[in-house]
Each structure stands twice: as C-alpha cells, then as structure tokens.
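**Q** CSV, C-alpha atoms, saved as start07.csv, coming up:
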```csv
chain,number,residue,atom,x,y,z
A,1,MET,CA,-19.1,4.1,-6.4
A,2,SER,CA,-17.1,6.7,-4.4
A,3,ILE,CA,-17.4,10.4,-4.7
A,4,ASP,CA,-15.1,13.3,-4.0
A,5,ILE,CA,-15.5,14.8,-0.6
A,6,GLY,CA,-12.5,17.1,-1.2
A,7,MET,CA,-9.3,16.9,-3.2
A,8,ALA,CA,-7.7,14.5,-0.6
A,9,LYS,CA,-10.7,12.4,0.4
A,10,ARG,CA,-13.2,10.2,-1.3
A,11,GLY,CA,-16.2,8.5,0.2
A,12,ARG,CA,-19.0,6.0,-0.7
A,13,GLN,CA,-22.6,7.1,-0.8
A,14,GLY,CA,-24.6,5.4,1.9
A,15,TYR,CA,-28.4,5.1,2.3
A,16,HIS,CA,-30.7,5.2,5.3
A,17,PHE,CA,-34.0,3.3,5.5
A,18,ASP,CA,-35.7,6.7,4.9
A,19,ASP,CA,-33.8,6.9,1.6
A,20,ILE,CA,-35.3,3.8,0.1
A,21,ALA,CA,-38.8,2.5,-0.7
A,22,ILE,CA,-40.1,-1.0,-1.5
A,23,VAL,CA,-41.6,-1.6,-5.0
A,24,PRO,CA,-44.9,-3.4,-5.4
A,25,SER,CA,-44.8,-6.3,-7.8
A,26,ARG,CA,-47.3,-7.7,-10.3
A,27,ARG,CA,-48.5,-10.2,-7.8
A,28,THR,CA,-50.3,-9.6,-4.4
A,29,ARG,CA,-51.3,-11.9,-1.6
A,30,ASP,CA,-53.7,-12.0,1.3
A,31,PRO,CA,-51.9,-10.8,4.5
A,32,GLU,CA,-53.4,-13.9,6.2
A,33,GLU,CA,-51.3,-16.1,3.9
A,34,VAL,CA,-48.0,-14.5,4.9
A,35,SER,CA,-45.6,-16.2,7.3
A,36,THR,CA,-43.3,-14.1,9.5
A,37,HIS,CA,-41.5,-17.0,11.2
A,38,TRP,CA,-37.7,-17.4,11.3
A,39,GLN,CA,-35.3,-19.8,12.8
A,40,ILE,CA,-31.8,-19.5,14.2
A,41,ASP,CA,-30.0,-22.6,15.2
A,42,ALA,CA,-32.5,-24.9,16.9
A,43,TYR,CA,-34.8,-22.0,17.9
A,44,ARG,CA,-37.9,-21.1,15.9
A,45,PHE,CA,-39.9,-17.9,16.4
A,46,ASP,CA,-43.2,-16.7,15.0
A,47,LEU,CA,-41.9,-13.1,14.7
A,48,PRO,CA,-38.6,-11.9,13.2
A,49,VAL,CA,-38.2,-9.6,16.2
A,50,MET,CA,-35.7,-9.4,19.0
A,51,ALA,CA,-36.1,-6.9,21.8
A,52,ALA,CA,-32.9,-4.9,22.4
A,53,PRO,CA,-31.1,-5.6,25.7
A,54,MET,CA,-31.8,-2.3,27.3
A,55,ASP,CA,-33.3,-1.6,30.8
A,56,SER,CA,-35.9,0.7,29.3
A,57,VAL,CA,-37.1,-2.1,27.1
A,58,MET,CA,-36.6,-5.5,28.7
A,59,SER,CA,-37.1,-6.8,32.2
A,60,PRO,CA,-37.5,-10.5,33.0
A,61,ASP,CA,-41.3,-10.1,32.9
A,62,THR,CA,-41.3,-8.3,29.5
A,63,ALA,CA,-38.8,-10.8,28.1
A,64,ILE,CA,-41.3,-13.6,29.1
A,65,ALA,CA,-44.2,-11.7,27.7
A,66,LEU,CA,-42.5,-11.1,24.3
A,67,GLY,CA,-41.5,-14.8,24.2
A,68,ARG,CA,-45.1,-15.8,24.7
A,69,LEU,CA,-46.1,-13.5,21.9
A,70,GLY,CA,-43.7,-15.2,19.5
A,71,GLY,CA,-40.6,-12.9,19.6
A,72,LEU,CA,-37.3,-13.0,21.6
A,73,GLY,CA,-36.5,-10.8,24.5
A,74,VAL,CA,-32.8,-10.3,25.2
A,75,LEU,CA,-31.9,-9.3,28.8
A,76,ASP,CA,-29.1,-6.9,29.4
A,77,LEU,CA,-27.0,-8.9,31.8
A,78,GLU,CA,-25.1,-5.7,32.8
A,79,GLY,CA,-28.2,-3.8,33.6
A,80,LEU,CA,-30.2,-2.8,36.6
A,81,TRP,CA,-31.7,-6.3,37.0
A,82,THR,CA,-28.3,-7.8,37.6
A,83,ARG,CA,-27.0,-5.0,39.8
A,84,TYR,CA,-30.0,-4.7,42.2
A,85,GLU,CA,-32.3,-7.2,43.8
A,86,ASN,CA,-35.3,-5.0,43.1
A,87,PRO,CA,-34.6,-2.1,40.7
A,88,GLU,CA,-38.2,-1.0,40.5
A,89,ARG,CA,-37.6,2.0,42.7
A,90,LEU,CA,-34.7,3.1,40.6
A,91,LEU,CA,-36.7,2.7,37.4
A,92,GLU,CA,-39.3,5.0,38.9
A,93,GLU,CA,-36.6,7.5,39.8
A,94,ILE,CA,-35.0,7.5,36.3
A,95,ALA,CA,-38.4,8.4,34.9
A,96,THR,CA,-38.6,11.5,37.1
A,97,ILE,CA,-35.0,12.8,36.9
A,98,ASP,CA,-34.5,16.4,35.7
A,99,PRO,CA,-33.1,16.2,32.2
A,100,ALA,CA,-30.1,18.3,33.1
A,101,ALA,CA,-29.1,15.8,35.8
A,102,ALA,CA,-30.1,12.6,34.0
A,103,THR,CA,-26.7,11.5,32.7
A,104,ARG,CA,-24.8,12.1,36.0
A,105,ARG,CA,-27.5,10.2,38.0
A,106,LEU,CA,-27.5,7.3,35.5
A,107,GLN,CA,-23.7,7.0,36.0
A,108,GLU,CA,-24.2,6.9,39.7
A,109,ILE,CA,-27.0,4.3,39.6
A,110,TYR,CA,-25.0,2.0,37.2
A,111,ALA,CA,-21.9,2.2,39.3
A,112,GLU,CA,-23.3,-0.6,41.5
A,113,PRO,CA,-21.4,-3.8,40.7
A,114,ILE,CA,-22.9,-6.6,38.6
A,115,LYS,CA,-23.7,-9.7,40.7
A,116,ALA,CA,-23.3,-13.2,39.2
A,117,GLU,CA,-26.0,-14.6,41.4
A,118,LEU,CA,-28.5,-12.1,40.0
A,119,ILE,CA,-27.5,-13.0,36.4
A,120,THR,CA,-28.4,-16.6,37.3
A,121,ALA,CA,-31.7,-15.7,39.0
A,122,ARG,CA,-32.9,-13.5,36.1
A,123,LEU,CA,-32.1,-16.0,33.4
A,124,GLN,CA,-33.7,-18.8,35.5
A,125,GLN,CA,-36.9,-16.7,35.9
A,126,VAL,CA,-37.2,-16.6,32.1
A,127,ARG,CA,-36.4,-20.3,31.7
A,128,ASP,CA,-39.0,-21.2,34.3
A,129,ALA,CA,-41.6,-19.5,32.2
A,130,GLY,CA,-40.9,-21.9,29.3
A,131,VAL,CA,-39.7,-19.4,26.7
A,132,THR,CA,-36.4,-19.1,24.8
A,133,VAL,CA,-33.7,-17.6,27.1
A,134,ALA,CA,-31.4,-14.9,25.7
A,135,GLY,CA,-29.0,-12.6,27.5
A,136,ALA,CA,-26.4,-10.1,26.4
A,137,LEU,CA,-23.0,-9.0,27.6
A,138,SER,CA,-20.6,-6.5,26.2
A,139,PRO,CA,-17.3,-7.8,24.8
A,140,GLN,CA,-15.5,-6.3,27.8
A,141,ARG,CA,-17.6,-8.4,30.3
A,142,THR,CA,-18.0,-11.6,28.3
A,143,LYS,CA,-15.0,-13.4,29.7
A,144,GLN,CA,-15.9,-12.4,33.3
A,145,PHE,CA,-19.4,-13.7,33.2
A,146,ALA,CA,-19.7,-16.2,30.4
A,147,ASP,CA,-19.5,-19.3,32.6
A,148,THR,CA,-22.2,-17.9,34.8
A,149,VAL,CA,-24.5,-17.2,31.8
A,150,VAL,CA,-24.0,-20.6,30.3
A,151,SER,CA,-24.5,-22.4,33.6
A,152,ALA,CA,-27.7,-20.5,34.1
A,153,GLY,CA,-29.1,-22.2,31.0
A,154,VAL,CA,-29.1,-19.4,28.4
A,155,ASP,CA,-30.3,-20.6,25.0
A,156,LEU,CA,-28.8,-17.8,22.9
A,157,PHE,CA,-25.8,-15.8,24.0
A,158,VAL,CA,-25.6,-12.3,22.6
A,159,ILE,CA,-22.3,-10.3,22.6
A,160,ARG,CA,-23.3,-6.8,21.8
A,161,GLY,CA,-21.4,-3.6,21.6
A,162,THR,CA,-21.4,-0.3,19.7
A,163,THR,CA,-19.1,-2.0,17.3
A,164,VAL,CA,-17.5,-5.5,17.7
A,165,SER,CA,-14.6,-6.7,15.7
A,166,ALA,CA,-13.1,-10.2,15.3
A,167,GLU,CA,-9.6,-8.7,15.5
A,168,HIS,CA,-9.6,-6.3,18.5
A,169,VAL,CA,-6.0,-5.3,19.3
A,170,SER,CA,-5.0,-4.1,22.7
A,171,GLY,CA,-1.6,-3.3,24.3
A,172,GLN,CA,-3.0,-3.3,27.8
A,173,THR,CA,-5.3,-6.3,28.2
A,174,GLU,CA,-5.8,-9.7,26.5
A,175,PRO,CA,-8.7,-9.2,24.1
A,176,LEU,CA,-11.6,-11.6,23.7
A,177,ASN,CA,-10.8,-14.1,21.0
A,178,LEU,CA,-14.2,-14.5,19.5
A,179,LYS,CA,-13.4,-17.5,17.3
A,180,ASN,CA,-11.9,-19.5,20.2
A,181,PHE,CA,-14.7,-18.3,22.6
A,182,ILE,CA,-17.5,-19.3,20.2
A,183,TYR,CA,-15.8,-22.6,19.4
A,184,GLU,CA,-15.6,-23.6,23.0
A,185,LEU,CA,-19.1,-22.5,23.9
A,186,ASP,CA,-22.0,-24.9,24.0
A,187,VAL,CA,-24.7,-22.4,22.9
A,188,PRO,CA,-25.2,-20.4,19.7
A,189,VAL,CA,-23.8,-16.9,19.8
A,190,ILE,CA,-25.1,-13.7,18.1
A,191,VAL,CA,-22.5,-11.0,17.9
A,192,GLY,CA,-22.3,-7.4,16.8
A,193,GLY,CA,-22.6,-4.7,15.8
A,194,CYS,CA,-20.8,-4.3,12.5
A,195,ALA,CA,-21.6,-2.1,9.6
A,196,THR,CA,-19.4,-3.1,6.6
A,197,TYR,CA,-18.9,-6.1,4.3
A,198,GLN,CA,-15.4,-6.9,5.7
A,199,ALA,CA,-16.3,-6.6,9.4
A,200,GLY,CA,-19.4,-8.7,8.8
A,201,LEU,CA,-17.5,-11.4,7.0
A,202,HIS,CA,-14.9,-11.6,9.8
A,203,LEU,CA,-17.6,-12.0,12.4
A,204,MET,CA,-19.2,-14.8,10.4
A,205,ARG,CA,-15.8,-16.6,10.3
A,206,THR,CA,-15.8,-16.7,14.1
A,207,GLY,CA,-18.6,-19.2,14.0
A,208,ALA,CA,-21.4,-16.9,15.1
A,209,ALA,CA,-24.9,-18.1,14.4
A,210,GLY,CA,-26.0,-14.5,13.9
A,211,VAL,CA,-24.5,-11.1,13.3
A,212,LEU,CA,-26.0,-7.8,14.5
A,213,VAL,CA,-25.8,-5.0,11.9
A,214,GLY,CA,-25.7,-1.5,13.1
A,215,PHE,CA,-24.7,0.4,16.2
A,216,GLY,CA,-27.8,-0.2,18.3
A,217,GLY,CA,-29.1,2.5,20.5
A,218,GLY,CA,-31.3,4.2,18.0
A,219,ALA,CA,-33.4,7.0,19.4
A,220,ALA,CA,-31.2,7.1,22.6
A,221,HIS,CA,-27.9,6.9,20.8
A,222,THR,CA,-25.5,9.9,20.2
A,223,THR,CA,-22.4,7.9,18.9
A,224,ARG,CA,-22.5,9.9,15.7
A,225,SER,CA,-22.3,13.3,17.3
A,226,VAL,CA,-19.8,12.1,20.1
A,227,LEU,CA,-17.5,9.9,18.1
A,228,GLY,CA,-18.4,10.8,14.5
A,229,VAL,CA,-19.0,7.1,13.8
A,230,ALA,CA,-22.0,6.0,11.8
A,231,VAL,CA,-23.1,4.0,8.7
A,232,PRO,CA,-26.5,4.4,7.2
A,233,MET,CA,-28.5,1.3,7.9
A,234,ALA,CA,-29.9,0.4,4.5
A,235,SER,CA,-26.4,0.3,3.1
A,236,ALA,CA,-25.0,-1.5,6.2
A,237,VAL,CA,-27.5,-4.3,6.0
A,238,ALA,CA,-27.1,-4.7,2.3
A,239,ASP,CA,-23.3,-4.9,2.6
A,240,VAL,CA,-23.4,-7.5,5.3
A,241,ALA,CA,-26.0,-9.5,3.4
A,242,ALA,CA,-23.4,-9.6,0.5
A,243,ALA,CA,-20.8,-10.9,3.0
A,244,ARG,CA,-23.3,-13.6,4.1
A,245,ARG,CA,-23.8,-14.6,0.4
A,246,ASP,CA,-20.0,-14.9,-0.1
A,247,TYR,CA,-19.5,-16.7,3.3
A,248,LEU,CA,-22.2,-19.2,2.3
A,249,ASP,CA,-20.0,-20.2,-0.7
A,250,GLU,CA,-16.8,-20.0,1.3
A,251,SER,CA,-18.0,-22.2,4.1
A,252,GLY,CA,-19.7,-24.8,2.0
A,253,GLY,CA,-23.3,-23.8,2.9
A,254,ARG,CA,-23.2,-22.3,6.4
A,255,TYR,CA,-25.9,-19.7,6.7
A,256,VAL,CA,-25.4,-16.9,9.2
A,257,HIS,CA,-28.4,-14.9,10.2
A,258,ILE,CA,-28.4,-11.1,9.9
A,259,ILE,CA,-30.2,-9.0,12.5
A,260,ALA,CA,-30.6,-5.3,11.8
A,261,ASP,CA,-29.9,-3.5,15.0
A,262,GLY,CA,-30.4,0.3,14.8
A,263,SER,CA,-32.7,2.9,13.2
A,264,ILE,CA,-35.7,0.5,13.5
A,265,GLY,CA,-38.2,3.0,14.9
A,266,ARG,CA,-41.4,2.2,12.9
A,267,SER,CA,-43.0,-0.6,11.1
A,268,GLY,CA,-41.8,0.5,7.7
A,269,ASP,CA,-38.2,0.2,8.9
A,270,ILE,CA,-38.7,-3.5,9.7
A,271,ALA,CA,-40.0,-4.2,6.2
A,272,LYS,CA,-37.1,-2.2,4.6
A,273,ALA,CA,-34.5,-4.0,6.8
A,274,VAL,CA,-35.8,-7.4,5.6
A,275,ALA,CA,-35.9,-6.1,2.0
A,276,CYS,CA,-32.2,-5.2,2.3
A,277,GLY,CA,-31.3,-8.7,3.5
A,278,ALA,CA,-32.0,-8.9,7.2
A,279,ASP,CA,-33.5,-12.1,8.6
A,280,ALA,CA,-34.8,-10.3,11.7
A,281,VAL,CA,-34.6,-7.0,13.5
A,282,MET,CA,-33.5,-6.0,17.0
A,283,ILE,CA,-35.6,-3.1,18.2
A,284,GLY,CA,-35.7,-0.9,21.3
A,285,SER,CA,-37.7,2.3,21.1
A,286,PRO,CA,-41.0,0.7,19.7
A,287,PHE,CA,-41.0,-1.6,22.7
A,288,ALA,CA,-40.0,1.1,25.1
A,289,ARG,CA,-43.2,2.9,24.1
A,290,ALA,CA,-45.3,0.0,25.5
A,291,ASP,CA,-47.3,0.7,28.6
A,292,ASP,CA,-45.8,-2.3,30.3
A,293,ALA,CA,-42.2,-1.5,29.4
A,294,PRO,CA,-39.9,-1.0,32.4
A,295,GLY,CA,-38.8,2.5,31.2
A,296,ARG,CA,-42.2,4.0,31.9
A,297,GLY,CA,-42.2,6.0,28.7
A,298,PHE,CA,-38.4,6.8,28.8
A,299,HIS,CA,-35.7,5.2,26.8
A,300,TRP,CA,-32.0,4.8,27.4
A,301,GLY,CA,-29.1,2.4,26.6
A,302,ALA,CA,-25.8,1.4,28.1
A,303,GLU,CA,-24.1,4.3,26.2
A,304,ALA,CA,-26.0,6.8,28.3
A,305,TRP,CA,-24.3,5.8,31.5
A,306,HIS,CA,-20.8,5.2,30.3
A,307,PRO,CA,-18.6,6.4,33.2
A,308,ASP,CA,-16.1,8.3,31.0
A,309,LEU,CA,-17.7,9.1,27.7
A,310,PRO,CA,-21.5,8.9,27.5
A,311,ARG,CA,-22.7,8.4,24.0
A,312,GLY,CA,-26.5,8.3,24.6
A,313,GLU,CA,-29.2,10.0,26.6
A,314,ARG,CA,-32.4,9.3,28.4
A,315,VAL,CA,-35.2,10.2,25.9
A,316,ASP,CA,-38.8,10.8,26.8
A,317,ILE,CA,-40.7,8.9,24.1
A,318,GLY,CA,-44.1,8.4,25.8
A,319,THR,CA,-46.3,5.3,25.6
A,320,VAL,CA,-48.8,4.2,22.9
A,321,GLY,CA,-50.3,0.9,24.2
A,322,SER,CA,-49.5,-2.6,25.5
A,323,LEU,CA,-46.7,-4.7,24.2
A,324,GLU,CA,-49.2,-6.9,22.4
A,325,GLN,CA,-50.8,-3.8,20.8
A,326,VAL,CA,-47.4,-2.6,19.6
A,327,LEU,CA,-46.9,-5.9,17.9
A,328,PHE,CA,-50.3,-6.8,16.7
A,329,GLY,CA,-52.6,-3.8,17.1
A,330,PRO,CA,-55.2,-2.6,16.9
A,331,SER,CA,-53.4,0.7,16.2
A,332,SER,CA,-54.7,4.0,17.4
A,333,VAL,CA,-51.9,6.0,15.6
A,334,SER,CA,-50.9,6.3,12.0
A,335,ASP,CA,-47.2,6.8,12.4
A,336,GLY,CA,-46.0,3.1,12.3
A,337,THR,CA,-45.3,2.7,16.0
A,338,MET,CA,-48.1,0.2,16.6
A,339,ASN,CA,-49.1,-3.1,14.9
A,340,LEU,CA,-45.6,-3.7,13.7
A,341,ILE,CA,-46.3,-7.2,12.6
A,342,GLY,CA,-49.5,-6.4,10.8
A,343,ALA,CA,-47.7,-3.8,8.8
A,344,LEU,CA,-44.9,-6.2,7.9
A,345,ARG,CA,-47.5,-8.8,6.8
A,346,ARG,CA,-49.2,-6.2,4.6
A,347,ALA,CA,-45.9,-5.0,3.1
A,348,MET,CA,-45.1,-8.6,2.2
A,349,ALA,CA,-48.6,-9.3,0.9
A,350,THR,CA,-48.6,-6.1,-1.2
A,351,THR,CA,-45.4,-7.2,-3.0
A,352,GLY,CA,-46.5,-10.8,-3.4
A,353,TYR,CA,-44.2,-12.6,-0.9
A,354,THR,CA,-45.3,-15.1,1.7
A,355,GLU,CA,-41.9,-15.9,3.3
A,356,LEU,CA,-39.3,-13.6,4.8
A,357,LYS,CA,-36.4,-15.1,2.8
A,358,GLU,CA,-38.3,-14.5,-0.4
A,359,PHE,CA,-39.1,-11.0,0.7
A,360,GLN,CA,-35.3,-10.3,0.8
A,361,ARG,CA,-35.4,-10.3,-3.0
A,362,VAL,CA,-38.0,-7.6,-3.3
A,363,GLU,CA,-37.1,-4.6,-5.5
A,364,VAL,CA,-36.3,-1.3,-3.8
A,365,VAL,CA,-35.8,2.2,-5.2
A,366,LEU,CA,-34.2,5.4,-4.0
A,367,GLY,CA,-36.4,8.3,-3.3
```
Please express what this file holds, its structure, as structure tokens.

**A**
Amino acid sequence: MSIDIGMAKRGRQGYHFDDIAIVPSRRTRDPEEVSTHWQIDAYRFDLPVMAAPMDSVMSPDTAIALGRLGGLGVLDLEGLWTRYENPERLLEEIATIDPAAATRRLQEIYAEPIKAELITARLQQVRDAGVTVAGALSPQRTKQFADTVVSAGVDLFVIRGTTVSAEHVSGQTEPLNLKNFIYELDVPVIVGGCATYQAGLHLMRTGAAGVLVGFGGGAAHTTRSVLGVAVPMASAVADVAAARRDYLDESGGRYVHIIADGSIGRSGDIAKAVACGADAVMIGSPFARADDAPGRGFHWGAEAWHPDLPRGERVDIGTVGSLEQVLFGPSSVSDGTMNLIGALRRAMATTGYTELKEFQRVEVVLG
C-alpha cells in the first residue's frame, strides 16, 4: 500500500529488521535438534553465513578459517590481497590513520593496480586448504578478470556491487551481459545487490544460482546519505523472496537462493533475514569484530576508497573475540555480536522449527 508523501508523490512503506519481530509458535524444540545447513548448487555448508568480500573482514587465512568452521568466506578480488604481495603493513597503517585523513589515504593505497597473478595465488591458497573457494568482482571488473578467476579454480563466482542490474545501459562502454556471461561460465554465480521484486526477478532470469539482496556495506556504508539510495532490508528480502516464488513457477521449478547482504549487524538480524525469506546471509561487521580479522578492529568496504565519489568510511568497531567465538560463543556480551549461530538455533527452536526453509514460514509482527 502506498501513502502520500506530498500532493505529487506517493511511496510505499518499507520496514527495517528493527521494525519487525519473530512470533513464537505453539511448539518449541531443543536447540540441539536444529539444523542450520544450506546448500547452493553442489556446495553444502553447515552455516547459512557468507563473509562479505571486504579487506577488513576476509583475508585468505580468514576465508580458510571460516570454511573450516562451516561457513563460506568470499575474497575481494579487487582488494589489497590482489594489489600487493604482502599487504600486512598497509593493514597496520589503515588501522592507525587519523580519521580526517582516512578516506584520502585509502584512495591512495587502493590506486595500486590489481594483478592477475595475485588473484590466482590467493584463490589457490584457499583451494589448497581444502575448503570451498569463492571470490568476488564488481560488474565493472568482471569481464577483465573472469578468465583468471575461473582458471584459478573458483567454486562460486560472486558479482557484487552496490546495485547490480540485468539491464545496465551505457552509451560509452559495452555493458556486462549477465545472462550471456553466466550461461557461458562453468561455475555457479551469485550476483547482486538488488532490493526490489522486479530487479530480483530479472537477476534470477540471468541464470544466477543466488541473488544478493541489499546494498552491502552495512556499518561502513554511506550510500543513503551520499546518493539518497536505500531500501529497508526486511521489505527488500521479502519482496525478492516473492520474486523467487514466482520465478520457481515460471522456470518450472528452478530455485534461486536469496542471500541477505546488508544491515546484518547482530544475531537477531540473521534470524529476521531468514524469517523474511533469505536462505543465507552475507555479513561484514560481525566478522570484522573478530580478533583475527585483518581489519584489526576497523571496518571499511570498497565504497570507502572510490576514487571519485566515496560512499563509505573506515569505522572503528573494536573487537570482541575470535572468529570461532563470534560464530559459536561463548559470548561475553549481551548485544548479539557473539555466538551468532547459537542465537539463530535458539530463535528457530523457540518457534518450533528445525530447518531453515521451514523457518522462512515463521510469523512476524511489526513493532
């Protein structure tokens, strides 16, 4: 239902995760009986969690660690690890930059060209560890480096931008034709973000195995204030879940996975994302708070170092414990930033569900 914004404009009410709550049912379960596994294409994971491809969150080592814990780490193939042979010194510097100079210095650091041989080396390092290999490129860089990424043996190819469309129009350059690209690729593709029913449906029609819903960035993102672009996540996930339902009928049974990507800061947000229809979540800031995260208590994304129009910032978020503690506890805080999976299990058990796809049917209320 749309409402009047003024005499010449109407708008639809949208809802954030903070605006909704999950309703307990008549049945409860033991948390130990709950399964949090999910599968996309041929790849099965114990946890419905993907780590955002951000240098403050994922290094090759943390991607390996998350894979061994049951999740999926996605490497930013345009980040420091593919621009520098050893970026540790730069990561130390980023953690100590004066806030007033942070954006300019990030722009300087990320001006170093991406090196195809480093993309290969980083992905090979993850592959050698025996975990599922995932790497992300922006739509602008996908054509340039796709062959390198596939040749390196990536299992899941992620195309991630602030917003990605299946019908990008440009009068200056030949745009990436997602449908043709995905059809010709030998690996499953996850693409996004999107935030509406129609955009989600169009991305599903490209043949993507998964669709990212949201604008990413989260705590380090300023797209709303810089561009004025935003859609509340609870509504965005529910709308794209409706597109998935309709595409399932349209395609004769092809199920496209929905990954909520944005505004996932605490354990309750994960549960609400699934309740709205997500199969998994892509998160950044909760993992950036891990002691072993490469950001050393700071968090930033690709938008923070855009050379012309930065739409993000380096944020001091501190640390709370190891990556394993962030996922499984024990928690020493009561704000939902630790034991994310334990909280999800308890939310599912409290409402009587033992499988994630069943939990998508849970009742929610506003308030």

**Q** As an exercise, work out the distance from CA of Leu77 in chain A to CA of Asp55 in chain A in Å and give it to one decimal place.

**A** 9.7 Å

**Q** Expressed in Å to a single decimal, how great is the separation between CA of Ser35 in chain A and CA of Gly135 in chain A?

**A**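 Separation between CA of Ser35 in chain A and CA of Gly135 in chain A: 26.4 Å.
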
**Q** Near Ala42 in chain A, within 12 Å and counting all atoms listed in the file, which residues show up once chain neighbours fewer than 3 positions away are dropped, as a list in words?

**A**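 Result of the neighbour search: Trp38, Gln39, Phe45, Thr132, Asp155, Leu156, Val187, Pro188 and Ala209 of chain A.
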
**Q** Measuring between all atoms listed in the file, which one of A:Gly200, A:Gly301, A:Pro294, A:Gly265 shows the shortest distance to Pro53 in chain A?

**A**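 That would be A:Gly301, the residue with the smallest distance to Pro53 in chain A.
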
**Q** Just want the 9 Å neighbourhood of Tyr84 in chain A, counted on all atoms listed in the file, with same-chain residues fewer than 2 positions away dropped. Output as a list of chain:residue names.

**A**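 Listing them by chain and then by number gives A:Gly79, A:Leu80, A:Trp81, A:Thr82, A:Asn86, A:Pro87, A:Glu112, A:Pro113, A:Ile114, A:Lys115, A:Leu118.
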
**Q** Can you work out which one of A:Val274, A:Ala242, A:Ala8, A:Ile317 has the shortest atom-to-atom distance to Arg345 in chain A, counting all atoms listed in the file?

**A**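 Comparing A:Val274, A:Ala242, A:Ala8, A:Ile317 against Arg345 in chain A, the winner is A:Val274.
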
**Q** A:Asp308, A:Asp269, A:Asp291, A:Glu355: which is nearest Val57 in chain A, counting only C-alpha atoms?

**A**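 Selected residue with least distance to Val57 in chain A: A:Asp291.
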
**Q** Select, from A:Val189, A:Met338, A:Val158, A:Val149, the residue with the minimum atom-to-atom distance to Gln124 in chain A, counting all atoms listed in the file.

**A**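 The shortest atom-to-atom distance to Gln124 in chain A comes from A:Val149.
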
**Q** For a quick check of understanding, using only C-alpha atoms, which of A:Val191, A:Ala288, A:Leu201, A:Ala102 has the smallest distance to Pro310 in chain A?

**A**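 The shortest atom-to-atom distance to Pro310 in chain A comes from A:Ala102.
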
**Q** Do you know which residues are at most 7 Å from range 331-336 of chain A counting all atoms listed in the file, after dropping those on the same chain fewer than 3 positions away, and could you put them as a list in words?

**A** Arg266, Ser267, Gly268, Gln325, Asn339 and Leu340 of chain A

**Q** Which residues are near range 65-69 of chain A? Cut-off 7 Å, all atoms listed in the file, ignore same chain within fewer than 4 positions. Put them as a ChimeraX atom specification.

**A** /A:61,73,131-132

**Q** Could you check how far CA of Gly295 in chain A sits from CA of Ala260 in chain A, in Å to one decimal?

**A**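 Result for CA of Gly295 in chain A versus CA of Ala260 in chain A: 22.5 Å, one decimal.
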
**Q** Between A:Gln13, A:Thr196, A:Gln144, A:Ser56, which has the minimum distance to Asp76 in chain A (counting all atoms listed in the file)?

**A**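 Distance minimum relative to Asp76 in chain A lands on A:Ser56.
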
**Q** Considering all atoms listed in the file, tabulate each residue of range 289-350 of chain A that lies at most 12 Å from range 20-30 of chain A along with its nearest interatomic pair and the corresponding distance in Å to one decimal; arrange the rows by chain and ascending residue number and present them as CSV.

**A**
```
residue,atom,partner,partner_atom,distance
A:Gly342,CA,A:Asp30,CA,11.8
A:Leu344,CA,A:Ile22,CA,11.8
A:Arg345,CA,A:Asp30,CA,8.9
A:Arg346,CA,A:Asp30,CA,8.0
A:Ala347,CA,A:Ile22,CA,8.4
A:Met348,CA,A:Arg29,CA,8.0
A:Ala349,CA,A:Arg29,CA,4.5
A:Thr350,CA,A:Thr28,CA,5.0
```

**Q** Excluding Ile109 in chain A and residues on its chain fewer than 5 positions from it, collect all residues at most 9 Å away from it, counting only C-alpha atoms, and give them as a PyMOL selection string.

**A** chain A and resi 80+90+104+305
